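Have a look at input_39.cif; it's mmCIF, C-alpha atoms and all ligand atoms:
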```cif
data_target
loop_
_atom_site.label_atom_id
_atom_site.label_comp_id
_atom_site.auth_asym_id
_atom_site.auth_seq_id
_atom_site.Cartn_x
_atom_site.Cartn_y
_atom_site.Cartn_z
CA MET A 100 98.66 164.03 34.40
CA GLN A 101 99.77 165.39 37.74
CA ARG A 102 96.86 163.71 39.47
CA SER A 103 97.63 160.26 38.15
CA MET A 104 101.24 160.76 39.24
CA MET A 105 99.98 161.53 42.71
CA HIS A 106 97.88 158.40 42.61
CA LEU A 107 100.85 156.28 41.67
CA LEU A 108 102.91 157.71 44.50
CA LEU A 109 100.07 157.17 46.90
CA ALA A 110 99.62 153.60 45.69
CA GLY A 111 103.32 152.96 46.20
CA PHE A 112 103.14 154.25 49.73
CA VAL A 113 100.07 152.19 50.49
CA LEU A 114 101.67 149.06 49.08
CA ALA A 115 104.81 149.54 51.13
CA THR A 116 102.72 149.84 54.26
CA ALA A 117 100.70 146.82 53.25
CA GLU A 118 103.81 144.76 52.76
CA ALA A 119 105.23 145.75 56.13
CA ASN A 120 101.98 144.86 57.85
CA LEU A 121 101.74 141.57 56.03
CA ILE A 122 105.18 140.48 57.00
CA THR A 123 104.44 141.15 60.66
CA ASP A 124 101.20 139.27 60.36
CA LEU A 125 102.69 136.26 58.69
CA LYS A 126 105.12 135.96 61.54
CA GLU A 127 102.48 136.39 64.19
CA PHE A 128 99.61 134.36 62.93
CA ALA A 129 99.02 130.97 61.50
CA TYR A 130 97.71 132.21 58.23
CA SER A 131 94.84 130.37 56.65
CA GLN A 132 93.45 131.00 53.23
CA GLN A 133 91.11 128.03 53.40
CA ALA A 134 87.63 129.24 52.69
CA ASN A 135 84.85 127.54 54.58
CA ALA A 136 82.57 125.70 52.20
CA ASP A 137 79.55 125.96 54.54
CA TYR A 138 79.52 129.71 54.30
CA GLN A 139 80.29 130.41 50.67
CA PRO A 140 78.40 133.55 49.74
CA GLN A 141 75.62 132.95 47.25
CA GLY A 142 74.82 135.40 44.49
CA GLN A 143 77.66 137.57 45.66
CA GLN A 144 77.13 141.29 45.40
CA HIS A 145 79.84 143.85 45.42
CA TYR A 146 80.27 145.06 48.99
CA PRO A 147 83.43 146.71 50.17
CA GLY A 148 85.51 143.73 51.21
CA SER A 149 83.32 141.18 49.51
CA ARG A 150 86.45 139.60 48.20
CA THR A 151 88.12 138.93 51.49
CA GLN A 152 91.63 139.50 50.15
CA VAL A 153 90.79 143.13 49.57
CA ILE A 154 91.25 144.99 52.82
CA PRO A 155 91.56 148.57 53.96
CA LEU A 156 94.70 149.78 55.68
CA PRO A 157 93.52 151.84 58.63
CA ARG A 158 95.59 155.01 59.08
CA GLU A 159 95.22 157.33 62.03
CA SER A 160 93.53 160.60 61.04
CA TYR A 161 95.97 163.12 62.44
CA GLY A 162 94.48 166.30 63.74
CA TRP A 163 91.02 164.86 64.35
CA PRO A 164 89.34 166.18 66.39
CA ASN A 165 90.69 169.60 65.53
CA VAL A 166 88.73 171.28 68.33
CA PRO A 167 89.15 170.59 72.05
CA LEU A 168 86.70 167.95 73.30
CA PRO A 169 84.68 168.57 76.45
CA PHE A 170 85.44 166.43 79.51
CA LEU A 171 84.86 162.79 78.63
CA GLY A 172 84.78 159.91 81.07
CA GLN A 173 85.48 156.31 80.17
CA ILE A 174 84.19 155.99 76.61
CA SER A 175 82.59 152.57 76.47
CA GLY A 176 80.77 152.63 73.16
CA VAL A 177 80.84 154.20 69.70
CA SER A 178 78.67 153.94 66.61
CA ILE A 179 78.08 155.98 63.45
CA ASN A 180 74.76 157.71 62.79
CA LEU A 181 72.94 158.03 59.47
CA GLN A 182 74.69 161.32 58.73
CA GLY A 183 78.07 159.62 59.18
CA HIS A 184 78.89 161.27 62.52
CA PRO A 185 80.34 159.24 65.41
CA VAL A 186 78.10 158.84 68.47
CA LEU A 187 79.82 158.16 71.81
CA PHE A 188 78.54 156.70 75.05
CA HIS A 189 80.66 157.70 78.06
CA ARG A 190 80.55 157.50 81.83
CA GLY A 191 81.16 161.07 82.95
CA LYS A 192 83.03 161.01 86.26
CA ARG A 193 81.84 157.51 87.08
CA VAL A 194 84.56 154.90 86.86
CA TRP A 195 84.11 151.14 86.82
CA ASP A 196 86.44 149.76 89.49
CA GLU A 197 86.49 146.86 91.97
CA THR A 198 83.96 148.61 94.24
CA SER A 199 81.34 149.00 91.49
CA PHE A 200 79.69 145.56 91.71
CA ASN A 201 79.43 142.85 94.35
CA THR A 202 79.63 139.13 93.68
CA SER A 203 75.95 138.95 92.78
CA TYR A 204 76.48 141.63 90.12
CA ALA A 205 74.55 144.31 91.98
CA PHE A 206 75.75 147.86 91.40
CA GLN A 207 77.01 149.19 94.74
CA HIS A 208 76.78 152.95 94.21
CA THR A 209 73.12 153.41 93.37
CA LYS A 210 72.87 156.08 96.10
CA GLU A 211 75.03 158.32 93.96
CA GLY A 212 72.23 158.32 91.42
CA PRO A 213 72.51 158.32 87.66
CA ILE A 214 75.37 160.10 85.92
CA PRO A 215 74.43 163.81 85.95
CA VAL A 216 76.15 164.86 82.70
CA ASP A 217 75.22 164.15 79.09
CA THR A 218 76.50 160.66 78.33
CA VAL A 219 75.57 160.41 74.63
CA LEU A 220 77.54 162.76 72.41
CA THR A 221 77.54 163.15 68.65
CA LEU A 222 80.74 164.57 67.20
CA ASP A 223 81.10 166.17 63.80
CA LYS A 224 82.90 163.67 61.54
CA ASN A 225 85.10 166.39 60.02
CA THR A 226 85.98 168.55 63.02
CA GLY A 227 85.13 166.55 66.15
CA LEU A 228 82.91 169.37 67.40
CA VAL A 229 80.09 168.19 69.70
CA ILE A 230 76.93 168.65 67.64
CA ASP A 231 74.49 166.84 69.92
CA ALA A 232 74.53 165.83 73.60
CA TRP A 233 71.94 164.13 75.79
CA GLY A 234 71.56 161.32 78.28
CA ALA A 235 72.12 163.09 81.61
CA ASN A 236 70.45 161.74 84.78
CA ARG A 237 69.50 158.43 83.23
CA PHE A 238 72.41 156.02 83.07
CA TYR A 239 74.48 154.39 85.82
CA MET A 240 77.23 152.55 83.94
CA PRO A 241 77.17 153.05 80.18
CA HIS A 242 78.45 150.22 78.00
CA GLY A 243 77.34 149.51 74.41
CA CYS A 244 76.15 151.98 71.77
CA THR A 245 74.64 151.05 68.39
CA VAL A 246 72.91 153.24 65.83
CA ASP A 247 70.83 151.00 63.57
CA ASP A 248 70.07 151.56 59.89
CA LYS A 249 66.86 153.48 60.69
CA GLY A 250 68.71 155.84 63.03
CA PHE A 251 67.45 154.31 66.29
CA ILE A 252 70.05 154.38 69.02
CA TRP A 253 70.49 151.35 71.26
CA LEU A 254 72.31 151.70 74.57
CA THR A 255 73.23 149.13 77.19
CA ASP A 256 73.83 149.90 80.86
CA VAL A 257 75.64 147.23 82.86
CA ALA A 258 74.61 148.66 86.26
CA LEU A 259 70.93 148.99 85.35
CA HIS A 260 71.09 145.56 83.64
CA GLN A 261 69.05 147.06 80.84
CA VAL A 262 69.02 147.78 77.13
CA PHE A 263 67.25 150.83 75.67
CA LYS A 264 66.13 151.75 72.18
CA PHE A 265 65.69 155.47 71.50
CA ALA A 266 64.15 157.08 68.45
CA PRO A 267 66.33 159.88 67.01
CA HIS A 268 65.87 163.08 69.04
CA SER A 269 63.61 161.34 71.55
CA LYS A 270 64.65 161.31 75.18
CA ALA A 271 62.20 158.60 76.22
CA PRO A 272 63.05 155.03 75.21
CA GLN A 273 60.77 153.35 72.72
CA LEU A 274 61.76 149.94 74.04
CA THR A 275 63.33 148.84 77.32
CA LEU A 276 64.63 145.36 78.08
CA GLY A 277 65.48 144.05 81.53
CA SER A 278 64.48 145.22 84.96
CA PRO A 279 66.21 148.30 86.44
CA LEU A 280 69.13 147.42 88.73
CA GLN A 281 67.93 143.77 88.86
CA ALA A 282 70.31 141.17 87.51
CA GLY A 283 68.74 137.97 86.29
CA SER A 284 69.03 135.16 83.81
CA ASP A 285 65.49 134.51 82.61
CA SER A 286 63.97 136.00 79.46
CA ARG A 287 62.81 139.17 81.26
CA HIS A 288 66.08 139.92 82.96
CA LEU A 289 69.55 140.67 81.76
CA CYS A 290 72.82 140.67 83.66
CA MET A 291 75.31 143.34 82.64
CA PRO A 292 74.37 143.39 78.95
CA THR A 293 77.23 144.59 76.78
CA ALA A 294 76.12 145.31 73.19
CA VAL A 295 73.41 145.22 70.53
CA ALA A 296 73.33 144.37 66.81
CA VAL A 297 70.22 145.16 64.77
CA ALA A 298 69.02 143.55 61.52
CA SER A 299 67.32 145.58 58.80
CA ASP A 300 63.92 143.97 59.57
CA GLY A 301 64.15 145.12 63.22
CA GLN A 302 65.13 141.79 64.79
CA PHE A 303 68.06 142.31 67.11
CA PHE A 304 70.71 140.59 69.20
CA VAL A 305 71.93 141.42 72.69
CA SER A 306 75.17 140.08 74.15
CA ASP A 307 74.36 139.34 77.80
CA GLY A 308 77.09 139.72 78.99
CA TYR A 309 79.30 139.53 82.05
CA CYS A 310 77.29 136.93 83.97
CA ASN A 311 74.91 135.03 81.70
CA ALA A 312 77.36 134.24 78.90
CA ARG A 313 74.62 134.19 76.31
CA VAL A 314 73.40 136.11 73.30
CA LEU A 315 69.67 136.74 73.00
CA LYS A 316 67.85 137.18 69.72
CA TYR A 317 64.69 139.29 69.84
CA ASN A 318 61.87 140.05 67.45
CA PRO A 319 61.32 143.77 66.70
CA GLN A 320 58.79 144.02 69.57
CA GLY A 321 61.38 142.84 72.07
CA HIS A 322 60.32 139.24 72.62
CA VAL A 323 63.06 136.65 72.95
CA MET A 324 63.12 134.39 69.89
CA ARG A 325 66.22 132.40 70.61
CA VAL A 326 69.11 132.06 73.00
CA TYR A 327 72.68 131.31 71.95
CA PRO A 328 73.94 128.80 72.83
CA GLN A 329 71.31 126.11 73.11
CA GLN A 330 72.38 122.92 74.83
CA ARG A 331 73.22 120.90 71.75
CA GLU A 332 75.38 123.69 70.40
CA HIS A 333 79.02 123.50 71.28
CA LEU A 334 79.40 127.17 71.95
CA ASN A 335 80.66 128.19 75.35
CA LEU A 336 80.81 131.94 75.62
CA ALA A 337 82.95 133.69 78.22
CA ILE A 338 81.87 137.34 78.41
CA PRO A 339 80.34 138.05 75.02
CA HIS A 340 81.40 141.69 74.88
CA GLY A 341 80.39 142.77 71.40
CA VAL A 342 78.24 141.65 68.46
CA THR A 343 78.13 142.51 64.77
CA LEU A 344 75.89 141.26 61.97
CA LEU A 345 77.02 140.31 58.48
CA GLU A 346 73.44 140.30 57.38
CA HIS A 347 74.04 139.42 53.72
CA HIS A 348 75.50 136.14 54.96
CA ASP A 349 72.99 135.68 57.78
CA LEU A 350 75.97 135.62 60.10
CA LEU A 351 76.32 136.98 63.63
CA CYS A 352 79.84 137.47 64.97
CA ILE A 353 80.52 137.71 68.70
CA ALA A 354 83.51 139.20 70.54
CA ASP A 355 83.93 136.29 72.94
CA ARG A 356 86.25 138.25 75.17
CA GLU A 357 87.57 135.86 77.79
CA ASN A 358 87.80 132.99 75.29
CA ARG A 359 90.09 135.32 73.33
CA ARG A 360 88.30 134.79 70.10
CA VAL A 361 85.75 136.00 67.62
CA THR A 362 83.10 133.37 67.04
CA CYS A 363 80.44 133.59 64.33
CA VAL A 364 77.15 131.71 64.23
CA SER A 365 74.16 131.63 61.92
CA ALA A 366 71.95 134.61 62.74
CA GLU A 367 68.98 132.58 61.48
CA LEU A 368 67.29 135.65 60.06
CA ARG A 369 66.54 133.93 56.77
CA SER A 370 66.45 130.34 57.92
CA PRO A 371 65.34 129.89 61.54
CA GLY A 372 66.41 126.63 63.11
CA GLN A 373 69.14 126.10 60.52
CA TYR A 374 72.09 126.04 62.82
CA SER A 375 75.44 125.38 61.23
CA ARG A 376 78.76 124.98 62.92
CA SER A 377 80.33 128.16 64.18
CA LEU A 378 83.34 129.88 62.64
CA ASN A 379 86.16 130.59 65.07
CA ILE A 380 88.91 133.14 64.81
CA GLN A 381 91.29 132.43 67.65
CA PRO A 382 94.95 132.89 66.74
CA PRO A 383 97.34 133.06 69.72
CA GLY A 384 98.09 136.75 69.21
CA LEU A 385 94.48 137.89 69.34
CA GLY A 386 94.07 138.19 73.10
CA ARG A 387 90.91 139.41 74.79
CA VAL A 388 88.59 140.80 72.13
CA PHE A 389 86.73 143.83 73.43
CA ALA A 390 84.81 145.08 70.44
CA ILE A 391 83.95 144.21 66.86
CA ALA A 392 82.39 145.88 63.83
CA SER A 393 81.95 144.76 60.25
CA VAL A 394 81.67 145.92 56.67
CA GLY A 395 81.20 143.61 53.70
CA ASP A 396 82.83 140.30 54.51
CA LEU A 397 85.33 141.75 56.96
CA VAL A 398 85.24 142.01 60.73
CA PHE A 399 87.27 144.66 62.55
CA ALA A 400 88.23 144.02 66.15
CA VAL A 401 90.21 145.59 68.97
CA ASN A 402 91.72 143.64 71.82
CA GLY A 403 92.56 144.81 75.32
CA PRO A 404 95.39 144.16 77.75
CA THR A 405 95.89 140.39 77.91
CA SER A 406 99.55 139.57 78.50
CA PRO A 407 102.84 141.38 77.90
CA GLN A 408 103.43 139.29 74.77
CA ILE A 409 100.19 140.33 73.14
CA PRO A 410 100.15 143.89 71.77
CA VAL A 411 96.96 145.90 72.18
CA GLN A 412 95.89 146.65 68.63
CA GLY A 413 93.31 146.46 65.90
CA PHE A 414 92.66 143.40 63.73
CA THR A 415 91.17 142.94 60.29
CA ILE A 416 89.53 139.54 60.20
CA SER A 417 88.07 137.33 57.51
CA PRO A 418 85.50 135.17 59.29
CA PHE A 419 85.06 132.92 56.26
CA SER A 420 88.73 131.96 56.19
CA GLU A 421 88.81 132.07 60.01
CA ALA A 422 91.92 134.21 59.71
CA VAL A 423 93.38 137.52 60.80
CA LEU A 424 94.42 139.33 57.62
CA ASP A 425 96.05 142.41 59.12
CA THR A 426 96.80 144.21 62.36
CA TRP A 427 96.86 147.97 62.83
CA SER A 428 97.18 150.64 65.50
CA PRO A 429 97.61 154.38 65.83
CA THR A 430 101.06 155.67 64.98
CA SER A 431 101.22 158.68 67.33
CA VAL A 432 100.63 156.78 70.61
CA ARG A 433 99.60 153.20 71.28
CA PHE A 434 96.18 151.91 72.22
CA HIS A 435 95.76 151.24 75.93
CA ASN A 436 92.22 150.11 76.65
CA PRO A 437 90.16 150.09 73.47
CA HIS A 438 86.55 149.36 74.31
CA GLY A 439 84.44 150.19 71.26
CA ILE A 440 84.77 150.22 67.47
CA ALA A 441 82.64 151.35 64.53
CA ILE A 442 83.16 151.47 60.78
CA SER A 443 81.10 153.48 58.31
CA LYS A 444 78.79 151.64 55.92
CA ASN A 445 80.95 152.53 52.93
CA GLY A 446 84.07 151.32 54.75
CA THR A 447 86.04 154.56 54.54
CA GLU A 448 86.04 155.74 58.17
CA LEU A 449 86.67 153.81 61.37
CA TYR A 450 86.51 154.91 65.01
CA VAL A 451 87.92 153.33 68.17
CA VAL A 452 87.10 154.55 71.69
CA GLU A 453 89.07 153.85 74.84
CA THR A 454 88.63 153.81 78.58
CA SER A 455 91.64 155.09 80.56
CA PRO A 456 92.89 157.16 78.97
CA ASN A 457 89.51 158.25 77.70
CA ARG A 458 90.02 158.84 74.00
CA ILE A 459 88.44 158.60 70.60
CA TRP A 460 90.46 157.73 67.51
CA LYS A 461 89.48 158.25 63.94
CA PHE A 462 91.09 156.13 61.23
CA ASP A 463 91.04 156.69 57.50
CA THR A 464 90.14 153.39 55.86
CA SER A 465 89.63 154.72 52.35
CA GLN A 466 92.72 152.97 50.93
CA TRP A 467 91.93 149.35 50.11
CA VAL A 468 94.51 146.92 48.79
CA ASP A 469 94.42 143.44 47.33
CA MET A 470 96.54 141.34 49.66
CA ASN A 471 97.32 138.65 47.11
CA GLN A 472 98.49 140.90 44.32
CA LEU A 473 99.36 143.79 46.61
CA ALA A 474 97.57 145.98 44.11
CA TYR A 475 95.92 149.27 44.87
CA VAL A 476 92.14 149.03 44.66
CA PRO A 477 90.37 152.36 44.34
CA LEU A 478 87.24 152.32 46.47
CA GLU A 479 84.06 152.48 44.47
CA PRO A 480 81.64 155.14 45.60
CA GLU A 481 78.49 153.89 47.32
C1 LIG B 1 81.68 157.33 53.48
O1 LIG B 1 80.89 157.56 54.60
C2 LIG B 1 81.39 158.52 55.50
C3 LIG B 1 80.53 158.51 56.71
O2 LIG B 1 79.18 158.45 56.37
C4 LIG B 1 81.46 159.86 54.80
O3 LIG B 1 81.97 160.84 55.67
C5 LIG B 1 82.38 159.73 53.60
O4 LIG B 1 82.42 160.94 52.89
C6 LIG B 1 81.91 158.62 52.68
N1 LIG B 1 82.93 158.41 51.66
C7 LIG B 1 82.65 158.11 50.38
C8 LIG B 1 83.82 157.93 49.48
O5 LIG B 1 81.51 157.97 49.99
C1 LIG B 2 74.97 142.64 96.58
O1 LIG B 2 74.33 143.90 96.72
C2 LIG B 2 72.91 143.82 96.71
C3 LIG B 2 72.37 145.24 96.71
O2 LIG B 2 73.23 146.12 97.33
C4 LIG B 2 72.43 143.00 97.91
O3 LIG B 2 71.04 142.90 97.90
C5 LIG B 2 73.06 141.61 97.81
O4 LIG B 2 72.70 140.85 98.96
C6 LIG B 2 74.57 141.69 97.68
N1 LIG B 2 75.11 140.36 97.45
C7 LIG B 2 76.19 139.89 98.06
C8 LIG B 2 76.60 138.52 97.70
O5 LIG B 2 76.82 140.57 98.85
#
```

As structure tokens, what does this structure read like?
Amino acid sequence: MQRSMMHLLLAGFVLATAEANLITDLKEFAYSQQANADYQPQGQQHYPGSRTQVIPLPRESYGWPNVPLPFLGQISGVSINLQGHPVLFHRGKRVWDETSFNTSYAFQHTKEGPIPVDTVLTLDKNTGLVIDAWGANRFYMPHGCTVDDKGFIWLTDVALHQVFKFAPHSKAPQLTLGSPLQAGSDSRHLCMPTAVAVASDGQFFVSDGYCNARVLKYNPQGHVMRVYPQQREHLNLAIPHGVTLLEHHDLLCIADRENRRVTCVSAELRSPGQYSRSLNIQPPGLGRVFAIASVGDLVFAVNGPTSPQIPVQGFTISPFSEAVLDTWSPTSVRFHNPHGIAISKNGTELYVVETSPNRIWKFDTSQWVDMNQLAYVPLEPE
């Protein structure tokens, strides 16, 4: 009896928050409910968010971490491992500034050597305690971090111009792409690669990156299968800075940072060569999109400083309606420079990392609501 009362109260609170958010959103964004016929899900399963009107309301987890963190540099990437713990990729004392690269994208401080401290840290999801640390004396300018569904960890380094795949608990990469400290634009070179997304069959995508403005698709052995965009495709990327796969829809979404949009293309995992038109999420308030993650049919994004009119915040996006459904941010202090985002597979926990100030945020995303009916939807266990 008491418990259901609590639930009702909780639902009321959640709905009030939802309503407030919605009103802000309706003002800020041209709101589109038009589903895209090209991408209608077939044989729809029940994923969290598989009905795009049902969205979580991210709420800052106060008091996490509840232990002091060790010194962290600019935190460029975050992902969630198979045990549900956040994994961070940070830069130690190295800072990316205007002296870091010259106009041909060569890193200018190679003499300082790789970053001497552990750059890859796993934090306990409940306490924030560091439970694993490695990656000293290897990386020059950490960027993207992705744990795939087998537990492999993929890291990108924009100074090395390389991407690495590490087996869990292995300190030697199982796969290395690109040539160390050599920028290039052919299939053996990368130029400041930003992020990785991995399919369940081991094919993967690399956003490459600051100079090449392309996304490469690889087979599991690391051979290039495809480059986005090809000439006939009307897809001009301007710093693809993040990638996420909605594998059940064969869809790859790209944080197309300087175009201030999220653009989604066919990942062609099931149907190679079957290119369809891209989906574009580009409302005026979105700004420069730094990072994206996805669960079910929803994409979660964070933007970065763009203009005084555009708040730095989080976005909940429905790619299929090409619409922003909600915006969110921490309540204690604002975001400044969010650079990475990750959401757990079951959709209940979300992390955002920032550079300057160097911070990690945990959000509780276990409360999901139906936007149309504004009804409380209890999350089904996995
Ligand atoms: C969802 O996953 C996270 C991270 O793996 C875990 O901590 C949490 O307990 C899970 N929640 C539910 C309701 O299964
Ligand atoms: C950039 O730096 C690299 C290595 O330090 C050097 O080889 C290259 O000539 C420089 N390019 C320009 C345009 O200064």

Please determine an axis-aligned box that encloses all atoms of ligand LIG 1 (chain B) listed in the file, with 8 Å added on each side, and express its centre and edge lengths in Å to one decimal as JSON.
```
{"center_x": 81.5, "center_y": 159.1, "center_z": 53.1, "size_x": 20.6, "size_y": 19.6, "size_z": 23.2}
```

- prompt: Which residue gives the smallest distance to ligand LIG 1 (chain B) among A:Phe389, A:Phe200, A:Phe238, A:Tyr450, with only C-alpha atoms and all ligand atoms counted?
  reply: A:Tyr450

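Minimum distance to A:Glu453 across A:His347, A:Arg376, A:His189, A:Lys316 (counting all atoms listed in the file) occurs at A:His189.
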
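Distance annotation: of A:Asn471, A:Gln466, A:Asn201, A:Ser417, the residue with the minimal separation from ligand LIG 1 (chain B) is A:Gln466; atom set is only C-alpha atoms and all ligand atoms.
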
task: Show me which residues sit within 9 Å of ligand LIG 1 (chain B) when counting only C-alpha atoms and all ligand atoms, and put them as a list in words.
output: Ile179, Asn180, Leu181, Gln182, Gly183, His184, Pro185, Lys224, Asn225, Ile442, Ser443, Lys444, Asn445, Gly446, Thr447, Glu448, Ser465, Leu478, Glu479, Pro480 and Glu481 of chain A

Counting all atoms listed in the file, the option among A:Ser299, A:Thr198, A:Gln261, A:Gln173 closest to ligand LIG 2 (chain B):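 Of all the options, A:Thr198 lies closest to ligand LIG 2 (chain B).
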
query: Which of these, A:Thr405, A:Asn457, A:Gln412, A:Gln329, has the shortest distance to A:Thr426 once you count only C-alpha atoms?
result: A:Gln412

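With only C-alpha atoms and all ligand atoms as the atoms that count, the set of residues no farther than 10 Å from ligand LIG 2 (chain B) is A:Phe200, A:Asn201, A:Thr202, A:Ser203, A:Tyr204, A:Ala205, A:Phe206, A:Gln207, A:His208, A:Thr209, A:Leu280, A:Gln281, A:Ala282.
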
- prompt: Could you state the separation of atom CA of A:Ile459 and atom CA of A:Arg158 in Å, given to one decimal place?
  reply: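 Computing the Euclidean distance for atom CA of A:Ile459 and atom CA of A:Arg158 yields 14.0 Å.
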
message: Between atom CA of A:Ser284 and atom CA of A:Asp248, what is the distance in Å, rounded to a tenth?
response: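 Interatomic distance, atom CA of A:Ser284 to atom CA of A:Asp248: 29.0 Å.
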
Cut-off 8 Å around (85.7, 151.5, 64.7) with all atoms listed in the file: residues as a PDB file with C-alpha atoms, keeping the file's coordinate frame:
```
ATOM      1  CA  VAL A 177      80.840 154.200  69.700  1.00  0.00           C
ATOM      2  CA  SER A 178      78.670 153.940  66.610  1.00  0.00           C
ATOM      3  CA  ILE A 391      83.950 144.210  66.860  1.00  0.00           C
ATOM      4  CA  ALA A 392      82.390 145.880  63.830  1.00  0.00           C
ATOM      5  CA  PHE A 399      87.270 144.660  62.550  1.00  0.00           C
ATOM      6  CA  GLY A 439      84.440 150.190  71.260  1.00  0.00           C
ATOM      7  CA  ILE A 440      84.770 150.220  67.470  1.00  0.00           C
ATOM      8  CA  ALA A 441      82.640 151.350  64.530  1.00  0.00           C
ATOM      9  CA  ILE A 442      83.160 151.470  60.780  1.00  0.00           C
ATOM     10  CA  GLU A 448      86.040 155.740  58.170  1.00  0.00           C
ATOM     11  CA  LEU A 449      86.670 153.810  61.370  1.00  0.00           C
ATOM     12  CA  TYR A 450      86.510 154.910  65.010  1.00  0.00           C
ATOM     13  CA  VAL A 451      87.920 153.330  68.170  1.00  0.00           C
ATOM     14  CA  VAL A 452      87.100 154.550  71.690  1.00  0.00           C
ATOM     15  CA  LYS A 461      89.480 158.250  63.940  1.00  0.00           C
ATOM     16  CA  PHE A 462      91.090 156.130  61.230  1.00  0.00           C
TER      17      PHE A 462
END
```

- prompt: With distances taken over all atoms listed in the file, which of A:Asp300, A:Glu357, A:Asp256, A:Asp223 is nearest to A:Ser278?
  reply: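 So, comparing all the options, the nearest one is A:Asp256.
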
query: Can you list, as a PyMOL selection string, every protein, DNA or RNA residue that comes within 12 Å of A:Ala294 when you count all atoms listed in the file, leaving out same-chain residues fewer than 2 positions away?
result: chain A and resi 175-178+188+241-246+252-257+260-264+289-292+296-297+303-309+313-315+338-344+352-355+389-392+438-440

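The gap separating atom CA of A:Pro437 from atom CA of A:Glu346 is 25.2 Å, in Å to one decimal.
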